[in-house]
$ cat start.txt   # compact mmCIF, C-alpha atoms
# COMPACT_ATOMS: atom_id res chain seq x y z
CA MET A 1 12.74 -5.69 -32.97
CA PHE A 2 13.45 -2.15 -31.77
CA SER A 3 16.90 -2.88 -30.41
CA GLY A 4 18.60 -1.20 -33.36
CA LEU A 5 16.41 1.89 -33.16
CA GLY A 6 18.93 4.03 -31.29
CA GLY A 7 21.61 3.37 -33.85
CA PHE A 8 19.07 3.87 -36.59
CA LEU A 9 18.07 7.32 -35.38
CA SER A 10 21.61 8.49 -34.73
CA ASP A 11 22.40 8.56 -38.45
CA GLY A 12 21.49 11.73 -40.33
CA HIS A 13 20.97 9.81 -43.59
CA ASN A 14 18.16 7.86 -41.94
CA TRP A 15 16.43 11.04 -40.78
CA TRP A 16 16.40 12.37 -44.33
CA PHE A 17 15.05 9.04 -45.57
CA LEU A 18 12.26 9.13 -42.94
CA LEU A 19 11.36 12.72 -43.83
CA PHE A 20 11.14 12.07 -47.57
CA ALA A 21 9.37 8.72 -47.16
CA ILE A 22 6.71 10.25 -44.91
CA GLY A 23 6.31 13.09 -47.42
CA ALA A 24 5.90 10.70 -50.33
CA ILE A 25 3.42 8.38 -48.61
CA GLY A 26 1.52 11.31 -47.07
CA GLY A 27 1.12 13.02 -50.43
CA ALA A 28 -0.13 9.80 -52.02
CA ILE A 29 -2.59 9.11 -49.17
CA TYR A 30 -3.94 12.66 -49.34
CA MET A 31 -4.30 12.24 -53.11
CA ILE A 32 -6.66 9.35 -52.39
CA ASN A 33 -8.58 11.21 -49.67
CA PHE A 34 -9.03 14.75 -51.04
CA THR A 35 -12.31 15.59 -52.71
CA LYS A 36 -11.31 18.50 -54.94
CA VAL A 37 -9.33 17.53 -58.02
CA VAL A 38 -6.87 20.45 -57.89
CA HIS A 39 -5.93 19.54 -54.32
CA MET A 40 -5.23 15.99 -55.49
CA VAL A 41 -2.82 17.25 -58.15
CA LEU A 42 -1.01 19.47 -55.63
CA SER A 43 -0.56 16.61 -53.13
CA VAL A 44 0.80 14.36 -55.89
CA ALA A 45 3.24 17.14 -56.80
CA PHE A 46 4.39 17.01 -53.15
CA THR A 47 4.94 13.26 -53.54
CA PHE A 48 7.02 13.86 -56.70
CA ILE A 49 9.22 16.42 -54.93
CA SER A 50 9.76 14.01 -52.00
CA LEU A 51 10.78 11.30 -54.46
CA ALA A 52 13.27 13.72 -56.02
CA GLY A 53 14.75 14.19 -52.55
CA LEU A 54 15.07 10.41 -52.23
CA TYR A 55 16.89 10.28 -55.57
CA VAL A 56 19.37 12.91 -54.37
CA LEU A 57 19.80 10.83 -51.20
CA LEU A 58 20.66 7.85 -53.42
CA GLU A 59 23.38 9.89 -55.21
CA ALA A 60 21.31 10.22 -58.36
CA GLU A 61 21.38 14.01 -58.52
CA PHE A 62 20.74 14.32 -62.25
CA VAL A 63 17.68 12.06 -62.13
CA GLY A 64 16.45 13.94 -59.07
CA PHE A 65 16.51 17.30 -60.80
CA VAL A 66 14.99 15.81 -63.96
CA GLN A 67 12.24 14.47 -61.71
CA ILE A 68 11.56 17.96 -60.34
CA LEU A 69 11.60 19.50 -63.84
CA ILE A 70 9.42 16.90 -65.56
CA TYR A 71 7.06 15.66 -62.86
CA ALA A 72 6.68 18.51 -60.37
CA GLY A 73 6.85 21.07 -63.16
CA ALA A 74 5.58 19.82 -66.49
CA ILE A 75 3.24 16.95 -65.67
CA SER A 76 1.53 18.72 -62.74
CA ILE A 77 0.89 21.80 -64.87
CA LEU A 78 -0.33 19.59 -67.74
CA MET A 79 -2.78 17.85 -65.41
CA ILE A 80 -4.02 21.20 -64.06
CA PHE A 81 -4.57 22.33 -67.67
CA GLY A 82 -6.49 19.12 -68.29
CA ILE A 83 -8.68 19.78 -65.26
CA MET A 84 -9.35 23.37 -66.30
CA MET A 85 -10.26 22.35 -69.86
CA THR A 86 -12.54 19.47 -68.91
CA ASN A 87 -14.47 21.52 -66.32
CA HIS A 88 -14.68 19.21 -63.36
CA ARG A 89 -17.32 20.02 -60.84
CA GLY A 90 -14.73 19.15 -58.25
CA GLU A 91 -16.35 16.56 -56.02
CA GLU A 92 -16.36 12.82 -56.28
CA ALA A 93 -19.83 11.34 -56.24
CA SER A 94 -20.83 8.80 -53.64
CA LYS A 95 -19.59 5.29 -54.25
CA LYS A 96 -22.23 3.31 -56.09
CA ARG A 97 -20.45 -0.04 -56.22
CA PRO A 98 -19.56 -1.15 -52.67
CA VAL A 99 -18.62 -4.72 -53.67
CA TYR A 100 -16.16 -3.44 -56.27
CA HIS A 101 -14.49 -1.11 -53.77
CA VAL A 102 -14.20 -3.80 -51.09
CA LEU A 103 -12.64 -6.20 -53.59
CA LEU A 104 -10.30 -3.45 -54.81
CA THR A 105 -9.14 -2.67 -51.27
CA ILE A 106 -8.54 -6.36 -50.56
CA GLY A 107 -6.65 -6.75 -53.83
CA SER A 108 -4.41 -3.74 -53.25
CA LEU A 109 -3.59 -4.74 -49.68
CA GLY A 110 -3.01 -8.33 -50.79
CA LEU A 111 -0.59 -7.22 -53.49
CA PHE A 112 1.24 -5.06 -50.97
CA PHE A 113 1.60 -7.91 -48.47
CA ILE A 114 2.83 -10.29 -51.16
CA LEU A 115 5.45 -7.73 -52.22
CA PHE A 116 6.36 -7.02 -48.57
CA TYR A 117 6.77 -10.74 -47.83
CA ALA A 118 8.96 -11.21 -50.91
CA ILE A 119 11.12 -8.18 -50.05
CA GLN A 120 11.61 -9.21 -46.43
CA ASN A 121 12.51 -12.79 -47.30
CA THR A 122 15.06 -12.02 -49.98
CA SER A 123 18.68 -11.32 -49.17
CA PHE A 124 20.12 -8.59 -51.32
CA PRO A 125 23.91 -8.76 -51.46
CA PRO A 126 25.33 -5.28 -50.99
CA GLY A 127 27.49 -3.80 -53.71
CA THR A 128 29.90 -0.92 -53.86
CA PHE A 129 29.04 2.18 -55.82
CA GLU A 130 32.02 3.88 -57.36
CA ALA A 131 30.71 6.14 -60.14
CA GLY A 132 29.30 8.81 -57.86
CA GLU A 133 31.85 11.54 -58.53
CA ASP A 134 30.30 13.32 -61.51
CA ASN A 135 26.96 11.72 -62.28
CA THR A 136 25.90 13.96 -65.13
CA LEU A 137 29.16 13.54 -67.02
CA GLU A 138 29.05 9.76 -66.71
CA ILE A 139 25.38 9.61 -67.75
CA GLY A 140 26.15 11.74 -70.80
CA LYS A 141 29.03 9.51 -71.81
CA LEU A 142 26.88 6.39 -71.48
CA LEU A 143 23.99 7.98 -73.39
CA TYR A 144 26.20 8.82 -76.34
CA SER A 145 28.21 5.59 -76.43
CA GLN A 146 26.33 2.48 -75.32
CA HIS A 147 22.72 3.68 -75.39
CA VAL A 148 22.82 6.05 -78.35
CA ILE A 149 20.29 4.11 -80.47
CA ALA A 150 17.77 3.99 -77.64
CA PHE A 151 18.37 7.68 -77.01
CA GLU A 152 17.67 8.63 -80.64
CA ILE A 153 14.59 6.38 -80.78
CA MET A 154 13.39 8.12 -77.62
CA SER A 155 13.64 11.51 -79.31
CA VAL A 156 11.62 10.21 -82.27
CA LEU A 157 9.04 8.81 -79.83
CA LEU A 158 8.72 12.19 -78.08
CA THR A 159 8.26 14.01 -81.39
CA VAL A 160 5.61 11.55 -82.60
CA ALA A 161 3.77 11.59 -79.26
CA PHE A 162 3.56 15.37 -79.01
CA ILE A 163 2.52 15.84 -82.65
CA GLY A 164 -0.10 13.16 -82.05
CA ALA A 165 -1.31 14.92 -78.91
CA ILE A 166 -1.71 18.19 -80.80
CA VAL A 167 -3.58 16.44 -83.63
CA ILE A 168 -5.91 14.70 -81.18
CA ALA A 169 -6.65 17.78 -79.09
CA LYS A 170 -7.18 20.37 -81.81
CA ARG A 171 -10.61 21.31 -83.06
CA GLU A 172 -11.68 19.43 -86.14
CA GLU A 173 -14.06 21.93 -87.70
CA ASP A 174 -11.38 24.56 -88.33
CA MET B 1 20.57 1.68 -43.09
CA ASN B 2 23.41 2.72 -45.34
CA GLY B 3 23.89 -0.08 -47.82
CA VAL B 4 20.50 -1.73 -47.31
CA VAL B 5 18.05 -1.61 -50.19
CA THR B 6 15.01 -3.02 -48.32
CA PRO B 7 13.45 0.28 -47.03
CA TYR B 8 13.46 1.75 -50.52
CA LEU B 9 11.79 -1.35 -51.95
CA THR B 10 9.13 -1.25 -49.23
CA LEU B 11 8.44 2.44 -49.88
CA ALA B 12 8.16 1.72 -53.60
CA ALA B 13 5.72 -1.13 -52.91
CA ILE B 14 3.55 1.16 -50.75
CA LEU B 15 3.50 3.87 -53.45
CA PHE B 16 2.71 1.31 -56.17
CA CYS B 17 -0.25 -0.11 -54.23
CA ILE B 18 -1.63 3.38 -53.48
CA GLY B 19 -1.32 4.22 -57.18
CA LEU B 20 -3.06 0.98 -58.15
CA TYR B 21 -5.93 1.72 -55.76
CA GLY B 22 -6.27 5.26 -57.08
CA ALA B 23 -6.15 4.20 -60.73
CA LEU B 24 -8.95 1.68 -60.24
CA SER B 25 -11.19 3.59 -57.84
CA LYS B 26 -11.22 7.24 -58.95
CA LYS B 27 -13.84 8.57 -61.32
CA SER B 28 -12.02 11.56 -62.79
CA GLY B 29 -9.90 10.71 -65.82
CA VAL B 30 -7.14 13.15 -64.89
CA ILE B 31 -6.73 11.54 -61.49
CA VAL B 32 -6.52 8.09 -63.07
CA LEU B 33 -3.64 9.37 -65.23
CA LEU B 34 -1.96 10.82 -62.13
CA SER B 35 -2.24 7.50 -60.31
CA ILE B 36 -0.57 5.76 -63.25
CA GLU B 37 2.25 8.33 -63.00
CA LEU B 38 2.55 7.46 -59.29
CA MET B 39 2.97 3.77 -60.13
CA LEU B 40 5.66 4.61 -62.71
CA ASN B 41 7.43 6.70 -60.08
CA ALA B 42 7.47 3.76 -57.68
CA VAL B 43 9.18 1.67 -60.35
CA ASN B 44 11.70 4.49 -60.91
CA LEU B 45 12.52 4.48 -57.20
CA ASN B 46 13.28 0.75 -57.43
CA LEU B 47 15.59 1.33 -60.40
CA ILE B 48 17.50 4.12 -58.67
CA ALA B 49 17.79 2.15 -55.42
CA PHE B 50 19.22 -0.88 -57.22
CA ALA B 51 21.54 1.35 -59.22
CA LYS B 52 23.23 2.39 -55.97
CA LEU B 53 22.62 -0.45 -53.52
CA GLY B 54 22.15 -3.52 -55.72
CA ALA B 55 24.49 -6.43 -56.23
CA GLN B 56 26.06 -4.88 -59.34
CA PRO B 57 25.69 -1.12 -58.99
CA ALA B 58 25.99 0.80 -62.24
CA LEU B 59 24.72 3.95 -63.89
CA THR B 60 22.52 1.92 -66.24
CA GLY B 61 19.70 2.18 -63.71
CA HIS B 62 19.82 5.96 -63.94
CA ILE B 63 19.65 5.82 -67.73
CA PHE B 64 16.77 3.37 -67.66
CA SER B 65 14.84 5.58 -65.25
CA LEU B 66 15.46 8.59 -67.51
CA PHE B 67 13.92 6.63 -70.40
CA THR B 68 10.97 5.72 -68.16
CA ILE B 69 10.44 9.39 -67.26
CA THR B 70 10.45 10.30 -70.97
CA VAL B 71 7.88 7.66 -71.87
CA ALA B 72 5.74 8.72 -68.91
CA ALA B 73 5.80 12.33 -70.10
CA ALA B 74 4.69 11.26 -73.61
CA GLU B 75 1.95 9.09 -72.11
CA ALA B 76 0.66 11.93 -69.94
CA ALA B 77 0.54 14.32 -72.91
CA VAL B 78 -1.37 11.88 -75.11
CA GLY B 79 -3.70 10.97 -72.23
CA VAL B 80 -4.62 14.57 -71.49
CA ALA B 81 -5.17 15.18 -75.22
CA ILE B 82 -7.54 12.21 -75.40
CA LEU B 83 -9.42 13.46 -72.33
CA ILE B 84 -9.81 16.92 -73.87
CA ALA B 85 -11.05 15.47 -77.17
CA LEU B 86 -13.47 13.22 -75.30
CA TYR B 87 -14.78 16.12 -73.25
CA ARG B 88 -15.34 18.13 -76.41
CA ASN B 89 -17.27 15.33 -78.11
CA ARG B 90 -19.10 13.67 -75.22
CA GLY B 91 -19.20 16.41 -72.59
CA THR B 92 -17.87 14.29 -69.76
CA GLY B 93 -14.59 13.73 -67.95
CA ASP B 94 -15.59 10.69 -65.92
CA VAL B 95 -14.10 7.33 -66.75
CA GLU B 96 -17.37 5.61 -65.89
CA ASP B 97 -19.09 7.35 -68.79
CA MET B 98 -16.44 6.20 -71.25
CA ASN B 99 -18.19 2.95 -72.12
CA SER B 100 -19.27 3.32 -75.74
CA MET B 101 -16.91 0.53 -76.84
CA LYS B 102 -17.96 -1.73 -73.98
CA HIS B 103 -21.33 -3.01 -75.16

$ encode --input "start.txt" --output "structure tokens"
Amino acid sequence: MFSGLGGFLSDGHNWWFLLFAIGAIGGAIYMINFTKVVHMVLSVAFTFISLAGLYVLLEAEFVGFVQILIYAGAISILMIFGIMMTNHRGEEASKKRPVYHVLLTIGSLGLFFILFYAIQNTSFPPGTFEAGEDNTLEIGKLLYSQHVIAFEIMSVLLTVAFIGAIVIAKREED
Amino acid sequence: MNGVVTPYLTLAAILFCIGLYGALSKKSGVIVLLSIELMLNAVNLNLIAFAKLGAQPALTGHIFSLFTITVAAAEAAVGVAILIALYRNRGTGDVEDMNSMKH
């Protein structure tokens, strides 16, 4: 099983993958285990940055930097604003439903092992990636030629969602 | 590992299951929203991995993941707005107290 480990570790690409994967999983695990809510948000931001590194490793530079801008920047700050405005006391109370948590743990682990079994037993034929020269240019061309209707509908969706968020969150007595 | 998509899929499965556990076990509403974002991120990682290492690699995976990121941002904004409105009216941020439509 470990016969290919020497060749595995001699490739720099694999070291970067290991670093970012450990960062992503570690941030997610610490998000589960921390008790203060702000610490949870910061560890999830670490996971988002590690995922952006993985995207850059997969030659998706534009999506990687969009990930840093949107997730590590906007969504983390939005969640911290939500925490500040809803005044959390900061600690999770003791678990009152042990049966529910045991069943939840079994369900999550079961789903993971089903997915792991399916991934390991499927052969994915490798392809060749040729459009890696100028990602942003190619994505822009595709967005304005093939996917232009979806792109415009997405802008309408963003406008409607943010106006709706403002209407929901504003005070009603004013 | 160059040219093999399996490690990325396994990492995405681990992140998805951690996000599922967090979304169903945490009490704070903001953390439930964050766990949902984690699950969406795992799906994005699958899309990007198949866009480079799949059987028919193309930039469509990148575009689809950009659309997913946009919808996730809209969902997070509306979710935080609902939590703030709920805190103003009910005085709580816990998802276990949000049960007035349950009974």

$ closest_atom_pairs --input "start.txt" --of "stretch 5-63 of chain B" --to "stretch 114-126 of chain A" --cutoff "8 Å" --atoms "only C-alpha atoms" --output "CSV"
residue,atom,partner,partner_atom,distance
B:Val5,CA,A:Phe124,CA,7.4
B:Thr6,CA,A:Ile119,CA,6.7
B:Leu9,CA,A:Ile119,CA,7.1
B:Thr10,CA,A:Phe116,CA,6.4
B:Ala13,CA,A:Leu115,CA,6.6
B:Leu53,CA,A:Pro126,CA,6.1
B:Gly54,CA,A:Pro126,CA,6.0
B:Ala55,CA,A:Pro125,CA,5.3

$ write_last_selection --input "start.txt" --atoms "C-alpha atoms" --output "PDB file, in the coordinates of the input"
ATOM      1  CA  VAL B   5      18.050  -1.610 -50.190  1.00  0.00           C
ATOM      2  CA  THR B   6      15.010  -3.020 -48.320  1.00  0.00           C
ATOM      3  CA  LEU B   9      11.790  -1.350 -51.950  1.00  0.00           C
ATOM      4  CA  THR B  10       9.130  -1.250 -49.230  1.00  0.00           C
ATOM      5  CA  ALA B  13       5.720  -1.130 -52.910  1.00  0.00           C
ATOM      6  CA  LEU B  53      22.620  -0.450 -53.520  1.00  0.00           C
ATOM      7  CA  GLY B  54      22.150  -3.520 -55.720  1.00  0.00           C
ATOM      8  CA  ALA B  55      24.490  -6.430 -56.230  1.00  0.00           C
TER       9      ALA B  55
END

$ interface_residues --input "start.txt" --of "chain A" --to "chain B" --cutoff "6 Å" --atoms "all atoms listed in the file" --output "PyMOL selection string"
chain A and resi 82+86+108+125-127+129+161+165+169

$ atom_distance --input "start.txt" --atom1 "atom CA of A:Phe34" --atom2 "atom CA of A:Tyr100"
20.2 Å

$ atom_distance --input "start.txt" --atom1 "atom CA of A:Leu109" --atom2 "atom CA of A:Ile68"
29.3 Å

$ atom_distance --input "start.txt" --atom1 "atom CA of A:Gly23" --atom2 "atom CA of A:Ile139"
28.1 Å

$ axis_aligned_box --input "start.txt" --around "stretch 21-30 of chain B" --padding-each-side "4 Å" --output "lines of an AutoDock Vina configuration file"
center_x = -9.9
center_y = 7.4
center_z = -60.8
size_x = 15.9
size_y = 19.5
size_z = 18.1

$ closest_residue --input "start.txt" --among "A:Phe113, A:Phe62, A:Phe162, A:Phe81" --to "A:Asp134" --atoms "all atoms listed in the file"
A:Phe62

$ build_atoms --input "start.txt" --residues "stretch 74-98 of chain B" --atoms "N, CA, C and O atoms" --output "PDB file, in the frame of the given file"
ATOM      1  N   ALA B  74       5.440  11.418 -72.359  1.00  0.00           N
ATOM      2  CA  ALA B  74       4.690  11.260 -73.610  1.00  0.00           C
ATOM      3  C   ALA B  74       3.312  10.694 -73.340  1.00  0.00           C
ATOM      4  O   ALA B  74       2.306  11.151 -73.917  1.00  0.00           O
ATOM      5  N   GLU B  75       3.234   9.711 -72.426  1.00  0.00           N
ATOM      6  CA  GLU B  75       1.950   9.090 -72.110  1.00  0.00           C
ATOM      7  C   GLU B  75       0.993  10.091 -71.473  1.00  0.00           C
ATOM      8  O   GLU B  75      -0.202  10.125 -71.800  1.00  0.00           O
ATOM      9  N   ALA B  76       1.521  10.942 -70.584  1.00  0.00           N
ATOM     10  CA  ALA B  76       0.660  11.930 -69.940  1.00  0.00           C
ATOM     11  C   ALA B  76       0.127  12.935 -70.959  1.00  0.00           C
ATOM     12  O   ALA B  76      -1.054  13.304 -70.919  1.00  0.00           O
ATOM     13  N   ALA B  77       0.986  13.347 -71.904  1.00  0.00           N
ATOM     14  CA  ALA B  77       0.540  14.320 -72.910  1.00  0.00           C
ATOM     15  C   ALA B  77      -0.566  13.735 -73.779  1.00  0.00           C
ATOM     16  O   ALA B  77      -1.608  14.369 -74.003  1.00  0.00           O
ATOM     17  N   VAL B  78      -0.360  12.497 -74.262  1.00  0.00           N
ATOM     18  CA  VAL B  78      -1.370  11.880 -75.110  1.00  0.00           C
ATOM     19  C   VAL B  78      -2.656  11.618 -74.321  1.00  0.00           C
ATOM     20  O   VAL B  78      -3.775  11.807 -74.827  1.00  0.00           O
ATOM     21  N   GLY B  79      -2.516  11.225 -73.046  1.00  0.00           N
ATOM     22  CA  GLY B  79      -3.700  10.970 -72.230  1.00  0.00           C
ATOM     23  C   GLY B  79      -4.528  12.206 -72.007  1.00  0.00           C
ATOM     24  O   GLY B  79      -5.765  12.179 -72.133  1.00  0.00           O
ATOM     25  N   VAL B  80      -3.873  13.330 -71.690  1.00  0.00           N
ATOM     26  CA  VAL B  80      -4.620  14.570 -71.490  1.00  0.00           C
ATOM     27  C   VAL B  80      -5.261  15.024 -72.787  1.00  0.00           C
ATOM     28  O   VAL B  80      -6.402  15.517 -72.793  1.00  0.00           O
ATOM     29  N   ALA B  81      -4.568  14.808 -73.937  1.00  0.00           N
ATOM     30  CA  ALA B  81      -5.170  15.180 -75.220  1.00  0.00           C
ATOM     31  C   ALA B  81      -6.404  14.348 -75.498  1.00  0.00           C
ATOM     32  O   ALA B  81      -7.425  14.879 -75.971  1.00  0.00           O
ATOM     33  N   ILE B  82      -6.359  13.051 -75.190  1.00  0.00           N
ATOM     34  CA  ILE B  82      -7.540  12.210 -75.400  1.00  0.00           C
ATOM     35  C   ILE B  82      -8.683  12.641 -74.499  1.00  0.00           C
ATOM     36  O   ILE B  82      -9.851  12.690 -74.912  1.00  0.00           O
ATOM     37  N   LEU B  83      -8.359  13.005 -73.239  1.00  0.00           N
ATOM     38  CA  LEU B  83      -9.420  13.460 -72.330  1.00  0.00           C
ATOM     39  C   LEU B  83     -10.069  14.741 -72.835  1.00  0.00           C
ATOM     40  O   LEU B  83     -11.296  14.892 -72.755  1.00  0.00           O
ATOM     41  N   ILE B  84      -9.245  15.670 -73.369  1.00  0.00           N
ATOM     42  CA  ILE B  84      -9.810  16.920 -73.870  1.00  0.00           C
ATOM     43  C   ILE B  84     -10.699  16.660 -75.084  1.00  0.00           C
ATOM     44  O   ILE B  84     -11.811  17.198 -75.192  1.00  0.00           O
ATOM     45  N   ALA B  85     -10.237  15.788 -75.997  1.00  0.00           N
ATOM     46  CA  ALA B  85     -11.050  15.470 -77.170  1.00  0.00           C
ATOM     47  C   ALA B  85     -12.352  14.786 -76.760  1.00  0.00           C
ATOM     48  O   ALA B  85     -13.427  15.067 -77.310  1.00  0.00           O
ATOM     49  N   LEU B  86     -12.266  13.918 -75.770  1.00  0.00           N
ATOM     50  CA  LEU B  86     -13.470  13.220 -75.300  1.00  0.00           C
ATOM     51  C   LEU B  86     -14.444  14.172 -74.646  1.00  0.00           C
ATOM     52  O   LEU B  86     -15.658  14.080 -74.836  1.00  0.00           O
ATOM     53  N   TYR B  87     -13.897  15.149 -73.883  1.00  0.00           N
ATOM     54  CA  TYR B  87     -14.780  16.120 -73.250  1.00  0.00           C
ATOM     55  C   TYR B  87     -15.468  16.990 -74.297  1.00  0.00           C
ATOM     56  O   TYR B  87     -16.630  17.348 -74.145  1.00  0.00           O
ATOM     57  N   ARG B  88     -14.742  17.289 -75.373  1.00  0.00           N
ATOM     58  CA  ARG B  88     -15.340  18.130 -76.410  1.00  0.00           C
ATOM     59  C   ARG B  88     -16.446  17.378 -77.149  1.00  0.00           C
ATOM     60  O   ARG B  88     -17.453  17.950 -77.534  1.00  0.00           O
ATOM     61  N   ASN B  89     -16.281  16.062 -77.338  1.00  0.00           N
ATOM     62  CA  ASN B  89     -17.270  15.330 -78.110  1.00  0.00           C
ATOM     63  C   ASN B  89     -18.391  14.743 -77.276  1.00  0.00           C
ATOM     64  O   ASN B  89     -19.522  14.651 -77.733  1.00  0.00           O
ATOM     65  N   ARG B  90     -18.089  14.332 -76.044  1.00  0.00           N
ATOM     66  CA  ARG B  90     -19.100  13.670 -75.220  1.00  0.00           C
ATOM     67  C   ARG B  90     -19.558  14.513 -74.054  1.00  0.00           C
ATOM     68  O   ARG B  90     -20.572  14.212 -73.434  1.00  0.00           O
ATOM     69  N   GLY B  91     -18.796  15.539 -73.682  1.00  0.00           N
ATOM     70  CA  GLY B  91     -19.200  16.410 -72.590  1.00  0.00           C
ATOM     71  C   GLY B  91     -19.013  15.813 -71.212  1.00  0.00           C
ATOM     72  O   GLY B  91     -19.704  16.191 -70.264  1.00  0.00           O
ATOM     73  N   THR B  92     -18.083  14.891 -71.071  1.00  0.00           N
ATOM     74  CA  THR B  92     -17.870  14.290 -69.760  1.00  0.00           C
ATOM     75  C   THR B  92     -16.376  14.048 -69.544  1.00  0.00           C
ATOM     76  O   THR B  92     -15.612  13.883 -70.490  1.00  0.00           O
ATOM     77  N   GLY B  93     -15.969  14.050 -68.285  1.00  0.00           N
ATOM     78  CA  GLY B  93     -14.590  13.730 -67.950  1.00  0.00           C
ATOM     79  C   GLY B  93     -14.484  12.517 -67.059  1.00  0.00           C
ATOM     80  O   GLY B  93     -13.401  12.192 -66.588  1.00  0.00           O
ATOM     81  N   ASP B  94     -15.598  11.848 -66.816  1.00  0.00           N
ATOM     82  CA  ASP B  94     -15.590  10.690 -65.920  1.00  0.00           C
ATOM     83  C   ASP B  94     -15.266   9.423 -66.687  1.00  0.00           C
ATOM     84  O   ASP B  94     -15.753   9.211 -67.793  1.00  0.00           O
ATOM     85  N   VAL B  95     -14.458   8.569 -66.062  1.00  0.00           N
ATOM     86  CA  VAL B  95     -14.100   7.330 -66.750  1.00  0.00           C
ATOM     87  C   VAL B  95     -15.268   6.356 -66.773  1.00  0.00           C
ATOM     88  O   VAL B  95     -15.302   5.455 -67.599  1.00  0.00           O
ATOM     89  N   GLU B  96     -16.241   6.542 -65.888  1.00  0.00           N
ATOM     90  CA  GLU B  96     -17.370   5.610 -65.890  1.00  0.00           C
ATOM     91  C   GLU B  96     -18.326   5.874 -67.038  1.00  0.00           C
ATOM     92  O   GLU B  96     -19.141   5.012 -67.364  1.00  0.00           O
ATOM     93  N   ASP B  97     -18.252   7.067 -67.632  1.00  0.00           N
ATOM     94  CA  ASP B  97     -19.090   7.350 -68.790  1.00  0.00           C
ATOM     95  C   ASP B  97     -18.412   6.990 -70.095  1.00  0.00           C
ATOM     96  O   ASP B  97     -19.009   7.125 -71.157  1.00  0.00           O
ATOM     97  N   MET B  98     -17.171   6.549 -70.029  1.00  0.00           N
ATOM     98  CA  MET B  98     -16.440   6.200 -71.250  1.00  0.00           C
ATOM     99  C   MET B  98     -16.660   4.724 -71.547  1.00  0.00           C
ATOM    100  O   MET B  98     -15.765   3.906 -71.388  1.00  0.00           O
TER     101      MET B  98
END
